[in-house]
>>> print(open('coords.pdb').read())   # PDB, C-alpha atoms and all ligand atoms
MODEL        1
ATOM      1  CA  MET Y  10      -5.675 -15.432  13.029
ATOM      2  CA  HIS Y  11      -3.470 -18.337  13.911
ATOM      3  CA  ASP Y  12      -3.628 -21.592  12.053
ATOM      4  CA  PRO Y  13      -1.743 -24.238  14.033
ATOM      5  CA  ILE Y  14      -0.829 -26.124  10.899
ATOM      6  CA  ARG Y  15       0.025 -23.309   8.505
ATOM      7  CA  GLY Y  16       1.431 -20.817  10.992
ATOM      8  CA  LYS Y  17       0.191 -17.251  11.192
ATOM      9  CA  THR Y  18      -1.657 -15.658   8.310
ATOM     10  CA  PRO Y  19      -0.246 -12.301   7.291
ATOM     11  CA  LYS Y  20      -2.694  -9.435   7.083
ATOM     12  CA  ILE Y  21      -2.791  -8.169   3.516
ATOM     13  CA  ILE Y  22      -3.589  -4.494   2.944
ATOM     14  CA  ALA Y  23      -3.982  -2.913  -0.512
ATOM     15  CA  ILE Y  24      -2.996   0.754  -0.549
ATOM     16  CA  ALA Y  25      -5.200   2.158  -3.267
ATOM     17  CA  ASN Y  26      -6.615   5.318  -4.764
ATOM     18  CA  GLN Y  27      -6.995   5.713  -8.519
ATOM     19  CA  LYS Y  28      -6.032   9.359  -8.198
ATOM     20  CA  GLY Y  29      -2.349   9.911  -8.922
ATOM     21  CA  GLY Y  30       0.131  11.465  -6.537
ATOM     22  CA  VAL Y  31      -1.968  11.252  -3.370
ATOM     23  CA  GLY Y  32       0.661   9.502  -1.238
ATOM     24  CA  LYS Y  33       0.073   5.793  -1.901
ATOM     25  CA  THR Y  34       3.724   4.900  -2.376
ATOM     26  CA  THR Y  35       4.897   7.223   0.390
ATOM     27  CA  THR Y  36       2.404   5.563   2.723
ATOM     28  CA  ALA Y  37       3.366   2.051   1.588
ATOM     29  CA  ILE Y  38       7.063   2.719   2.240
ATOM     30  CA  ASN Y  39       6.715   4.604   5.489
ATOM     31  CA  LEU Y  40       3.854   2.705   7.063
ATOM     32  CA  GLY Y  41       5.796  -0.428   6.117
ATOM     33  CA  ALA Y  42       8.948   0.933   7.739
ATOM     34  CA  ALA Y  43       7.015   2.054  10.818
ATOM     35  CA  LEU Y  44       5.345  -1.340  11.249
ATOM     36  CA  ALA Y  45       8.745  -2.977  10.824
ATOM     37  CA  ALA Y  46      10.154  -0.683  13.516
ATOM     38  CA  GLU Y  47       7.364  -1.926  15.806
ATOM     39  CA  GLY Y  48       8.737  -5.434  15.321
ATOM     40  CA  GLN Y  49       6.235  -6.547  12.676
ATOM     41  CA  LYS Y  50       7.570  -8.553   9.756
ATOM     42  CA  VAL Y  51       6.490  -6.704   6.637
ATOM     43  CA  LEU Y  52       6.441  -7.423   2.913
ATOM     44  CA  LEU Y  53       5.870  -4.534   0.535
ATOM     45  CA  VAL Y  54       4.491  -5.673  -2.827
ATOM     46  CA  ASP Y  55       5.168  -3.138  -5.568
ATOM     47  CA  LEU Y  56       2.242  -3.491  -7.955
ATOM     48  CA  ASP Y  57       2.885  -0.258  -9.818
ATOM     49  CA  PRO Y  58       4.840  -0.352 -13.112
ATOM     50  CA  GLN Y  59       6.400   2.973 -12.052
ATOM     51  CA  GLY Y  60       8.347   0.981  -9.448
ATOM     52  CA  ASN Y  61       8.524   3.945  -7.075
ATOM     53  CA  ALA Y  62       8.296   1.831  -3.929
ATOM     54  CA  SER Y  63      11.157  -0.349  -5.184
ATOM     55  CA  THR Y  64      13.327   2.662  -5.994
ATOM     56  CA  GLY Y  65      12.369   4.406  -2.758
ATOM     57  CA  LEU Y  66      13.653   1.427  -0.786
ATOM     58  CA  GLY Y  67      16.921   1.263  -2.660
ATOM     59  CA  VAL Y  68      16.278  -1.617  -5.055
ATOM     60  CA  ASP Y  69      18.195  -0.699  -8.252
ATOM     61  CA  ALA Y  70      16.228  -1.113 -11.453
ATOM     62  CA  ASP Y  71      19.115  -3.183 -12.886
ATOM     63  CA  SER Y  72      19.007  -5.657 -10.037
ATOM     64  CA  ARG Y  73      15.294  -6.421 -10.313
ATOM     65  CA  GLU Y  74      15.675  -9.820 -11.904
ATOM     66  CA  PHE Y  75      12.404 -11.330 -10.753
ATOM     67  CA  THR Y  76       9.516  -8.989 -10.169
ATOM     68  CA  THR Y  77       5.807  -8.885  -9.460
ATOM     69  CA  TYR Y  78       5.283  -9.299 -13.217
ATOM     70  CA  ASP Y  79       6.875 -12.761 -12.975
ATOM     71  CA  LEU Y  80       4.795 -13.490  -9.908
ATOM     72  CA  LEU Y  81       1.556 -12.701 -11.745
ATOM     73  CA  LEU Y  82       2.267 -13.884 -15.254
ATOM     74  CA  ASP Y  83       5.196 -16.277 -15.191
ATOM     75  CA  ASP Y  84       4.374 -18.441 -12.181
ATOM     76  CA  ALA Y  85       7.554 -17.310 -10.456
ATOM     77  CA  SER Y  86       8.024 -18.569  -6.936
ATOM     78  CA  LEU Y  87       7.791 -16.105  -4.070
ATOM     79  CA  SER Y  88      11.330 -16.888  -3.035
ATOM     80  CA  ASP Y  89      12.612 -15.689  -6.406
ATOM     81  CA  VAL Y  90      10.743 -12.416  -6.194
ATOM     82  CA  ILE Y  91      10.883 -11.447  -2.520
ATOM     83  CA  ARG Y  92      14.097  -9.845  -1.387
ATOM     84  CA  ALA Y  93      15.493  -8.195   1.682
ATOM     85  CA  THR Y  94      15.860  -4.430   1.947
ATOM     86  CA  GLU Y  95      18.498  -2.702   4.029
ATOM     87  CA  PHE Y  96      15.926  -2.347   6.779
ATOM     88  CA  ASP Y  97      15.207  -4.929   9.444
ATOM     89  CA  ASN Y  98      11.889  -6.748   9.148
ATOM     90  CA  LEU Y  99      11.091  -5.114   5.792
ATOM     91  CA  MET Y 100      11.164  -7.122   2.564
ATOM     92  CA  ILE Y 101      10.011  -6.195  -0.930
ATOM     93  CA  ALA Y 102       8.620  -7.768  -4.066
ATOM     94  CA  PRO Y 103       9.837  -5.193  -6.618
ATOM     95  CA  SER Y 104       8.340  -4.165  -9.937
ATOM     96  CA  THR Y 105       9.615  -2.771 -13.206
ATOM     97  CA  THR Y 106       7.994  -1.147 -16.219
ATOM     98  CA  ASP Y 107       7.351  -4.685 -17.542
ATOM     99  CA  LEU Y 108       4.291  -4.615 -15.365
ATOM    100  CA  SER Y 109       2.706  -1.948 -17.579
ATOM    101  CA  SER Y 110       1.803  -4.594 -20.144
ATOM    102  CA  ALA Y 111       0.351  -6.892 -17.497
ATOM    103  CA  ASP Y 112      -2.995  -5.180 -17.488
ATOM    104  CA  ILE Y 113      -3.543  -6.135 -21.140
ATOM    105  CA  GLU Y 114      -1.966  -9.581 -20.837
ATOM    106  CA  LEU Y 115      -4.182 -10.359 -17.879
ATOM    107  CA  VAL Y 116      -7.415  -9.788 -19.788
ATOM    108  CA  SER Y 117      -7.206 -13.085 -21.646
ATOM    109  CA  ASN Y 118      -6.256 -15.028 -18.518
ATOM    110  CA  GLU Y 119      -9.077 -17.020 -16.998
ATOM    111  CA  LYS Y 120      -7.793 -16.408 -13.466
ATOM    112  CA  ARG Y 121      -6.972 -12.784 -14.205
ATOM    113  CA  SER Y 122      -8.319 -11.335 -10.941
ATOM    114  CA  PHE Y 123      -6.892 -14.037  -8.686
ATOM    115  CA  LEU Y 124      -3.264 -14.187  -9.751
ATOM    116  CA  LEU Y 125      -1.891 -12.110  -6.900
ATOM    117  CA  HIS Y 126      -4.253 -13.767  -4.438
ATOM    118  CA  ASP Y 127      -2.902 -17.162  -5.406
ATOM    119  CA  ALA Y 128       0.724 -16.017  -5.562
ATOM    120  CA  LEU Y 129       0.580 -14.639  -2.016
ATOM    121  CA  ARG Y 130      -0.859 -17.915  -0.823
ATOM    122  CA  GLN Y 131       1.934 -20.115  -2.136
ATOM    123  CA  VAL Y 132       2.984 -22.456   0.650
ATOM    124  CA  ALA Y 133       6.393 -20.733   0.721
ATOM    125  CA  ILE Y 134       4.787 -17.625   2.251
ATOM    126  CA  ASP Y 135       4.774 -19.411   5.620
ATOM    127  CA  SER Y 136       8.545 -19.582   5.804
ATOM    128  CA  TYR Y 137       8.767 -15.771   5.888
ATOM    129  CA  ASP Y 138       6.471 -15.444   8.868
ATOM    130  CA  PHE Y 139       5.115 -12.073   7.691
ATOM    131  CA  ASP Y 140       2.711 -10.140   9.886
ATOM    132  CA  TYR Y 141       1.742  -7.608   7.216
ATOM    133  CA  ILE Y 142       1.774  -7.492   3.440
ATOM    134  CA  LEU Y 143       1.252  -3.996   2.006
ATOM    135  CA  ILE Y 144       0.452  -3.689  -1.689
ATOM    136  CA  ASP Y 145       1.337  -0.415  -3.424
ATOM    137  CA  CYS Y 146      -1.243  -0.019  -6.212
ATOM    138  CA  PRO Y 147      -0.968   1.986  -9.432
ATOM    139  CA  PRO Y 148      -3.076   5.147  -9.906
ATOM    140  CA  SER Y 149      -5.852   3.324 -11.704
ATOM    141  CA  LEU Y 150      -8.710   0.926 -11.070
ATOM    142  CA  ASN Y 151      -7.275  -1.504 -13.601
ATOM    143  CA  LEU Y 152      -6.771  -5.257 -13.271
ATOM    144  CA  LEU Y 153      -3.628  -4.761 -11.209
ATOM    145  CA  THR Y 154      -5.590  -2.884  -8.578
ATOM    146  CA  VAL Y 155      -8.370  -5.473  -8.806
ATOM    147  CA  ASN Y 156      -5.748  -8.179  -8.190
ATOM    148  CA  ALA Y 157      -4.619  -6.269  -5.106
ATOM    149  CA  MET Y 158      -8.193  -5.956  -3.802
ATOM    150  CA  VAL Y 159      -8.928  -9.623  -4.432
ATOM    151  CA  ALA Y 160      -5.719 -10.650  -2.669
ATOM    152  CA  ALA Y 161      -6.233  -8.311   0.291
ATOM    153  CA  HIS Y 162      -8.098  -8.446   3.570
ATOM    154  CA  SER Y 163      -8.560  -4.691   3.505
ATOM    155  CA  VAL Y 164      -7.995  -1.489   1.542
ATOM    156  CA  LEU Y 165      -6.212   1.536   2.975
ATOM    157  CA  VAL Y 166      -6.982   4.743   1.092
ATOM    158  CA  PRO Y 167      -4.603   7.705   1.185
ATOM    159  CA  LEU Y 168      -6.559  10.896   0.590
ATOM    160  CA  GLN Y 169      -4.682  14.038  -0.313
ATOM    161  CA  SER Y 170      -5.934  17.005   1.662
ATOM    162  CA  GLU Y 171      -6.886  18.990  -1.442
ATOM    163  CA  PHE Y 172      -9.895  20.191  -3.344
ATOM    164  CA  PHE Y 173     -11.763  17.370  -5.162
ATOM    165  CA  ALA Y 174     -10.133  14.798  -2.858
ATOM    166  CA  LEU Y 175     -13.477  13.258  -1.971
ATOM    167  CA  GLU Y 176     -14.799  13.261  -5.530
ATOM    168  CA  GLY Y 177     -12.712  10.285  -6.612
ATOM    169  CA  LEU Y 178     -13.706   8.246  -3.595
ATOM    170  CA  SER Y 179     -17.111   7.196  -4.880
ATOM    171  CA  GLN Y 180     -15.546   5.464  -7.886
ATOM    172  CA  LEU Y 181     -13.113   3.677  -5.588
ATOM    173  CA  MET Y 182     -15.959   2.602  -3.302
ATOM    174  CA  ILE Y 183     -17.856   1.205  -6.302
ATOM    175  CA  SER Y 184     -14.816  -0.872  -7.251
ATOM    176  CA  ILE Y 185     -14.506  -2.176  -3.703
ATOM    177  CA  ARG Y 186     -18.190  -3.124  -3.748
ATOM    178  CA  GLU Y 187     -17.766  -4.937  -7.073
ATOM    179  CA  VAL Y 188     -14.821  -6.921  -5.752
ATOM    180  CA  ARG Y 189     -16.871  -7.831  -2.682
ATOM    181  CA  GLN Y 190     -19.756  -9.017  -4.837
ATOM    182  CA  THR Y 191     -17.640 -11.114  -7.155
ATOM    183  CA  ALA Y 192     -14.392 -12.310  -5.674
ATOM    184  CA  ASN Y 193     -13.694 -11.218  -2.119
ATOM    185  CA  PRO Y 194     -16.828 -10.851   0.044
ATOM    186  CA  ASP Y 195     -14.817 -10.181   3.201
ATOM    187  CA  LEU Y 196     -12.848  -7.228   1.821
ATOM    188  CA  ARG Y 197     -12.868  -4.446   4.420
ATOM    189  CA  ILE Y 198     -11.925  -0.822   4.310
ATOM    190  CA  GLU Y 199      -8.997  -0.482   6.672
ATOM    191  CA  GLY Y 200      -9.342   3.256   6.706
ATOM    192  CA  VAL Y 201      -8.814   6.531   4.922
ATOM    193  CA  VAL Y 202      -5.688   8.447   5.826
ATOM    194  CA  LEU Y 203      -5.368  12.150   5.110
ATOM    195  CA  THR Y 204      -2.013  12.910   3.542
ATOM    196  CA  MET Y 205      -0.039  16.091   2.824
ATOM    197  CA  TYR Y 206      -2.103  17.837   5.441
ATOM    198  CA  ASP Y 207      -1.306  21.477   6.092
ATOM    199  CA  LYS Y 208      -2.895  22.595   9.318
ATOM    200  CA  ARG Y 209      -2.557  26.284   8.450
ATOM    201  CA  ASN Y 210      -4.464  25.796   5.252
ATOM    202  CA  ASN Y 211      -8.254  26.204   5.362
ATOM    203  CA  LEU Y 212      -8.658  23.793   2.500
ATOM    204  CA  SER Y 213      -6.886  20.989   4.381
ATOM    205  CA  GLN Y 214      -9.148  21.638   7.371
ATOM    206  CA  GLN Y 215     -12.228  21.610   5.150
ATOM    207  CA  VAL Y 216     -11.238  18.323   3.479
ATOM    208  CA  GLU Y 217     -10.661  16.814   6.912
ATOM    209  CA  ALA Y 218     -14.018  18.051   8.219
ATOM    210  CA  ASP Y 219     -15.831  16.695   5.150
ATOM    211  CA  ALA Y 220     -14.022  13.368   5.280
ATOM    212  CA  ARG Y 221     -14.837  12.923   8.971
ATOM    213  CA  GLU Y 222     -18.447  13.948   8.408
ATOM    214  CA  TYR Y 223     -19.067  11.600   5.474
ATOM    215  CA  LEU Y 224     -16.784   8.722   6.351
ATOM    216  CA  GLY Y 225     -16.852   8.889  10.144
ATOM    217  CA  GLU Y 226     -14.873   6.184  11.876
ATOM    218  CA  LEU Y 227     -13.291   5.110   8.606
ATOM    219  CA  VAL Y 228     -10.931   8.079   8.773
ATOM    220  CA  PHE Y 229      -7.756   7.475  10.758
ATOM    221  CA  LYS Y 230      -7.328   9.846  13.701
ATOM    222  CA  VAL Y 231      -3.704  10.321  12.676
ATOM    223  CA  VAL Y 232      -3.183  12.674   9.743
ATOM    224  CA  ILE Y 233       0.051  12.818   7.753
ATOM    225  CA  PRO Y 234       1.355  16.389   7.513
ATOM    226  CA  ARG Y 235       2.946  17.849   4.417
ATOM    227  CA  ASN Y 236       6.607  17.623   5.354
ATOM    228  CA  VAL Y 237       9.548  18.274   3.089
ATOM    229  CA  ARG Y 238      11.603  15.507   4.763
ATOM    230  CA  VAL Y 239       8.995  12.987   3.582
ATOM    231  CA  SER Y 240       9.423  14.082  -0.030
ATOM    232  CA  GLU Y 241      13.237  14.173   0.181
ATOM    233  CA  ALA Y 242      13.671  10.703   1.663
ATOM    234  CA  PRO Y 243      13.073   8.619  -1.530
ATOM    235  CA  SER Y 244      15.899  10.350  -3.377
ATOM    236  CA  TYR Y 245      18.210   8.929  -0.694
ATOM    237  CA  ALA Y 246      16.479   5.549  -1.078
ATOM    238  CA  LEU Y 247      15.379   5.724   2.542
ATOM    239  CA  PRO Y 248      12.085   5.656   4.425
ATOM    240  CA  VAL Y 249      11.647   8.997   6.188
ATOM    241  CA  LEU Y 250      11.928   7.073   9.469
ATOM    242  CA  GLU Y 251      15.585   6.418   8.604
ATOM    243  CA  TYR Y 252      16.286   9.651   6.751
ATOM    244  CA  ASP Y 253      15.032  11.924   9.522
ATOM    245  CA  PRO Y 254      13.591   9.964  12.435
ATOM    246  CA  LYS Y 255      12.636  13.099  14.370
ATOM    247  CA  SER Y 256      10.750  14.807  11.537
ATOM    248  CA  LYS Y 257       7.016  15.437  11.731
ATOM    249  CA  GLY Y 258       6.554  13.006   8.869
ATOM    250  CA  SER Y 259       8.316  10.205  10.731
ATOM    251  CA  GLU Y 260       6.317  10.880  13.872
ATOM    252  CA  ALA Y 261       3.085  10.768  11.904
ATOM    253  CA  TYR Y 262       3.849   7.469  10.164
ATOM    254  CA  ARG Y 263       4.896   5.902  13.481
ATOM    255  CA  ALA Y 264       1.621   7.080  15.008
ATOM    256  CA  LEU Y 265      -0.319   5.698  12.028
ATOM    257  CA  ALA Y 266       1.353   2.314  12.485
ATOM    258  CA  ARG Y 267       0.399   2.315  16.171
ATOM    259  CA  GLU Y 268      -3.197   3.277  15.349
ATOM    260  CA  LEU Y 269      -3.373   0.434  12.822
ATOM    261  CA  LEU Y 270      -1.904  -2.058  15.291
ATOM    262  CA  ALA Y 271      -4.242  -0.930  18.073
ATOM    263  CA  ALA Y 272      -7.242  -1.578  15.805
ATOM    264  CA  ALA Y 273      -6.045  -5.051  14.830
TER     265      ALA Y 273
HETATM  266  N1  LIG H   1       3.491  13.937   3.619
HETATM  267  C1  LIG H   1       4.111  14.419   2.540
HETATM  268  N2  LIG H   1       4.769  15.571   2.588
HETATM  269  C2  LIG H   1       5.386  16.074   1.488
HETATM  270  N3  LIG H   1       5.405  15.474   0.286
HETATM  271  C3  LIG H   1       4.753  14.303   0.178
HETATM  272  C4  LIG H   1       4.073  13.714   1.285
HETATM  273  N4  LIG H   1       3.503  12.545   0.860
HETATM  274  C5  LIG H   1       3.828  12.421  -0.433
HETATM  275  N5  LIG H   1       4.576  13.467  -0.859
HETATM  276  C6  LIG H   1       5.109  13.696  -2.208
HETATM  277  O1  LIG H   1       4.018  13.748  -3.108
HETATM  278  C7  LIG H   1       4.344  13.095  -4.331
HETATM  279  C8  LIG H   1       3.340  11.971  -4.582
HETATM  280  O2  LIG H   1       3.467  11.003  -3.544
HETATM  281  P1  LIG H   1       3.428   9.435  -3.875
HETATM  282  O3  LIG H   1       4.393   9.098  -4.935
HETATM  283  O4  LIG H   1       3.529   8.733  -2.586
HETATM  284  O5  LIG H   1       1.947   9.331  -4.426
HETATM  285  P2  LIG H   1       1.289   8.112  -5.212
HETATM  286  O6  LIG H   1      -0.161   8.163  -4.876
HETATM  287  O7  LIG H   1       2.019   6.866  -4.935
HETATM  288  O8  LIG H   1       1.536   8.551  -6.717
HETATM  289  P3  LIG H   1       1.209   7.642  -8.017
HETATM  290  O9  LIG H   1      -0.274   7.721  -8.144
HETATM  291  O10 LIG H   1       1.944   8.314  -9.133
HETATM  292  O11 LIG H   1       1.699   6.264  -7.736
HETATM  293  C9  LIG H   1       5.760  12.598  -4.173
HETATM  294  O12 LIG H   1       6.635  13.526  -4.738
HETATM  295  C10 LIG H   1       5.957  12.535  -2.670
HETATM  296  O13 LIG H   1       7.300  12.693  -2.280
HETATM  297 MG    MG H   2       2.826   5.487  -6.288
ENDMDL
END
>>> encode(input="coords.pdb", output="structure tokens")
Amino acid sequence: MHDPIRGKTPKIIAIANQKGGVGKTTTAINLGAALAAEGQKVLLVDLDPQGNASTGLGVDADSREFTTYDLLLDDASLSDVIRATEFDNLMIAPSTTDLSSADIELVSNEKRSFLLHDALRQVAIDSYDFDYILIDCPPSLNLLTVNAMVAAHSVLVPLQSEFFALEGLSQLMISIREVRQTANPDLRIEGVVLTMYDKRNNLSQQVEADAREYLGELVFKVVIPRNVRVSEAPSYALPVLEYDPKSKGSEAYRALARELLAAA
């Protein structure tokens, strides 16, 4: 969508699933890196007090002077919070554990659900010329995740290829519906991506079959395999695309980025 006066509008995608450890942060980092490698200008917004996306991209905890907490609750300007990473086309708005109190502090704020929405629409966003903004959500359907869904055009759901994977989805879908009814009627589901997929494991195959049966076209064709290189990369503060570009994990995230771009 091009606005001749305001420049291009970045597409904002919330990466959400209230279940912990399903691959949200891994997907935020590596899909972000893969989109950046395709020449897209990407901002990763770390909306999780754990700060795993920030750490995984090499932003030291000590150096996180302005964070997404300041963006939401202290009216910080985007230019104070957004910073470059070591990777071309990939910038980050980092978080720290400060953000863990935000959920409570937000409750008494009249604009509590719209703070990220408004922050990402500061006029200064234009100067960055972003194509994509990916929001890494915490493992909860709290006000932080609601802020992400209100700010976003779509939600991308990582689904771990394990037993009970689909159980949590109905709660997530209810939250998406509520956000549509109250604050963001145009919120779409970008897609569900199967993560940590093990093709030799019957359970992975069963989760995939169920997901494709119940969710149909919403499930990305690309699945992300379980790959040890993917899990090692954050300890070197690198996306897997940099840590081991030829690994199965890198290939999968590059293919996911291409599938996302082809659907745009
Ligand atoms: N494709 C993969 N192959 C192997 N390990 C993976 C893969 N994807 C994620 N992991 C590992 O699984 C763990 C959980 O992943 P991640 O941190 O991305 O999940 P999360 O949903 O962001 O977790 P949280 O809910 O705590 O924020 C991490 O140790 C990560 O390295
Ligand atoms: Mg995470």
>>> residues_near_point(input="coords.pdb", point="(1.6, 3.9, -6.1)", cutoff="6 Å", atoms="all atoms listed in the file", output="list of chain:residue names")
Y:Lys33, Y:Thr34, Y:Asp57, Y:Asp145, Y:Cys146, Y:Pro147
>>> resolve_selection(input="coords.pdb", expression="the PyMOL selection byres (((not hetatm)) within 10 of (chain H and resi 2))", output="mmCIF file with C-alpha atoms, in the frame of the given file")
data_model
loop_
_atom_site.group_PDB
_atom_site.id
_atom_site.type_symbol
_atom_site.label_atom_id
_atom_site.label_comp_id
_atom_site.auth_asym_id
_atom_site.auth_seq_id
_atom_site.Cartn_x
_atom_site.Cartn_y
_atom_site.Cartn_z
ATOM 1 C CA ILE Y 24 -2.996 0.754 -0.549
ATOM 2 C CA ALA Y 25 -5.200 2.158 -3.267
ATOM 3 C CA ASN Y 26 -6.615 5.318 -4.764
ATOM 4 C CA LYS Y 28 -6.032 9.359 -8.198
ATOM 5 C CA GLY Y 29 -2.349 9.911 -8.922
ATOM 6 C CA GLY Y 30 0.131 11.465 -6.537
ATOM 7 C CA VAL Y 31 -1.968 11.252 -3.370
ATOM 8 C CA GLY Y 32 0.661 9.502 -1.238
ATOM 9 C CA LYS Y 33 0.073 5.793 -1.901
ATOM 10 C CA THR Y 34 3.724 4.900 -2.376
ATOM 11 C CA THR Y 35 4.897 7.223 0.390
ATOM 12 C CA THR Y 36 2.404 5.563 2.723
ATOM 13 C CA ALA Y 37 3.366 2.051 1.588
ATOM 14 C CA ILE Y 38 7.063 2.719 2.240
ATOM 15 C CA ASP Y 55 5.168 -3.138 -5.568
ATOM 16 C CA LEU Y 56 2.242 -3.491 -7.955
ATOM 17 C CA ASP Y 57 2.885 -0.258 -9.818
ATOM 18 C CA PRO Y 58 4.840 -0.352 -13.112
ATOM 19 C CA GLN Y 59 6.400 2.973 -12.052
ATOM 20 C CA GLY Y 60 8.347 0.981 -9.448
ATOM 21 C CA ASN Y 61 8.524 3.945 -7.075
ATOM 22 C CA ALA Y 62 8.296 1.831 -3.929
ATOM 23 C CA ASP Y 145 1.337 -0.415 -3.424
ATOM 24 C CA CYS Y 146 -1.243 -0.019 -6.212
ATOM 25 C CA PRO Y 147 -0.968 1.986 -9.432
ATOM 26 C CA PRO Y 148 -3.076 5.147 -9.906
#
>>> residues_around(input="coords.pdb", residues="region 233-242 of chain Y", least_positions_apart="6", cutoff="12 Å", atoms="only C-alpha atoms", output="count of residues only")
52
>>> axis_aligned_box(input="coords.pdb", around="region 181-200 of chain Y", padding_each_side="8 Å", output="JSON")
{"center_x": -14.4, "center_y": -4.3, "center_z": -0.3, "size_x": 26.8, "size_y": 32.0, "size_z": 30.0}
>>> closest_residue(input="coords.pdb", among="Y:Ala273, Y:Tyr78, Y:Leu212, Y:Glu268", to="Phe173 (chain Y)", atoms="only C-alpha atoms")
Y:Leu212
>>> decode(input="coords.pdb", residues="region 222-228 of chain Y", atoms="all heavy atoms", output="CSV table (one decimal), in the first residue's frame")
chain,number,residue,atom,x,y,z
Y,222,GLU,N,-5.8,-30.2,7.9
Y,222,GLU,CA,-7.2,-30.6,7.8
Y,222,GLU,C,-8.1,-29.5,8.4
Y,222,GLU,O,-9.1,-29.0,7.8
Y,222,GLU,CB,-7.5,-31.9,8.5
Y,222,GLU,CG,-9.0,-32.3,8.3
Y,222,GLU,CD,-9.3,-33.6,9.0
Y,222,GLU,OE1,-8.4,-34.4,9.4
Y,222,GLU,OE2,-10.5,-33.8,9.3
Y,223,TYR,N,-7.7,-29.0,9.6
Y,223,TYR,CA,-8.6,-28.0,10.3
Y,223,TYR,C,-8.4,-26.6,9.9
Y,223,TYR,O,-9.3,-25.8,9.9
Y,223,TYR,CB,-8.4,-28.2,11.8
Y,223,TYR,CG,-8.9,-29.5,12.4
Y,223,TYR,CD1,-8.0,-30.3,13.0
Y,223,TYR,CD2,-10.2,-29.9,12.2
Y,223,TYR,CE1,-8.4,-31.6,13.5
Y,223,TYR,CE2,-10.6,-31.1,12.6
Y,223,TYR,CZ,-9.7,-32.0,13.3
Y,223,TYR,OH,-10.2,-33.2,13.7
Y,224,LEU,N,-7.2,-26.3,9.5
Y,224,LEU,CA,-6.8,-24.9,9.2
Y,224,LEU,C,-6.6,-24.6,7.7
Y,224,LEU,O,-6.5,-23.5,7.3
Y,224,LEU,CB,-5.6,-24.5,10.0
Y,224,LEU,CG,-5.7,-24.7,11.5
Y,224,LEU,CD1,-4.3,-24.6,12.2
Y,224,LEU,CD2,-6.6,-23.6,12.1
Y,225,GLY,N,-6.5,-25.7,7.0
Y,225,GLY,CA,-6.5,-25.6,5.5
Y,225,GLY,C,-5.4,-24.6,5.0
Y,225,GLY,O,-4.2,-24.7,5.4
Y,226,GLU,N,-5.8,-23.7,4.2
Y,226,GLU,CA,-4.9,-22.7,3.6
Y,226,GLU,C,-4.1,-21.9,4.5
Y,226,GLU,O,-3.1,-21.2,4.2
Y,226,GLU,CB,-5.6,-21.8,2.6
Y,226,GLU,CG,-6.3,-22.5,1.4
Y,226,GLU,CD,-5.2,-23.0,0.4
Y,226,GLU,OE1,-4.5,-22.1,-0.1
Y,226,GLU,OE2,-5.0,-24.2,0.2
Y,227,LEU,N,-4.6,-21.8,5.8
Y,227,LEU,CA,-3.9,-20.9,6.8
Y,227,LEU,C,-2.5,-21.5,7.1
Y,227,LEU,O,-1.7,-20.7,7.6
Y,227,LEU,CB,-4.7,-20.8,8.0
Y,227,LEU,CG,-5.9,-19.9,8.0
Y,227,LEU,CD1,-6.5,-19.8,9.4
Y,227,LEU,CD2,-5.4,-18.4,7.7
Y,228,VAL,N,-2.3,-22.8,6.8
Y,228,VAL,CA,-1.0,-23.4,7.2
Y,228,VAL,C,0.0,-23.1,6.1
Y,228,VAL,O,-0.2,-23.5,4.9
Y,228,VAL,CB,-1.1,-24.9,7.5
Y,228,VAL,CG1,0.2,-25.4,8.0
Y,228,VAL,CG2,-2.3,-25.1,8.5
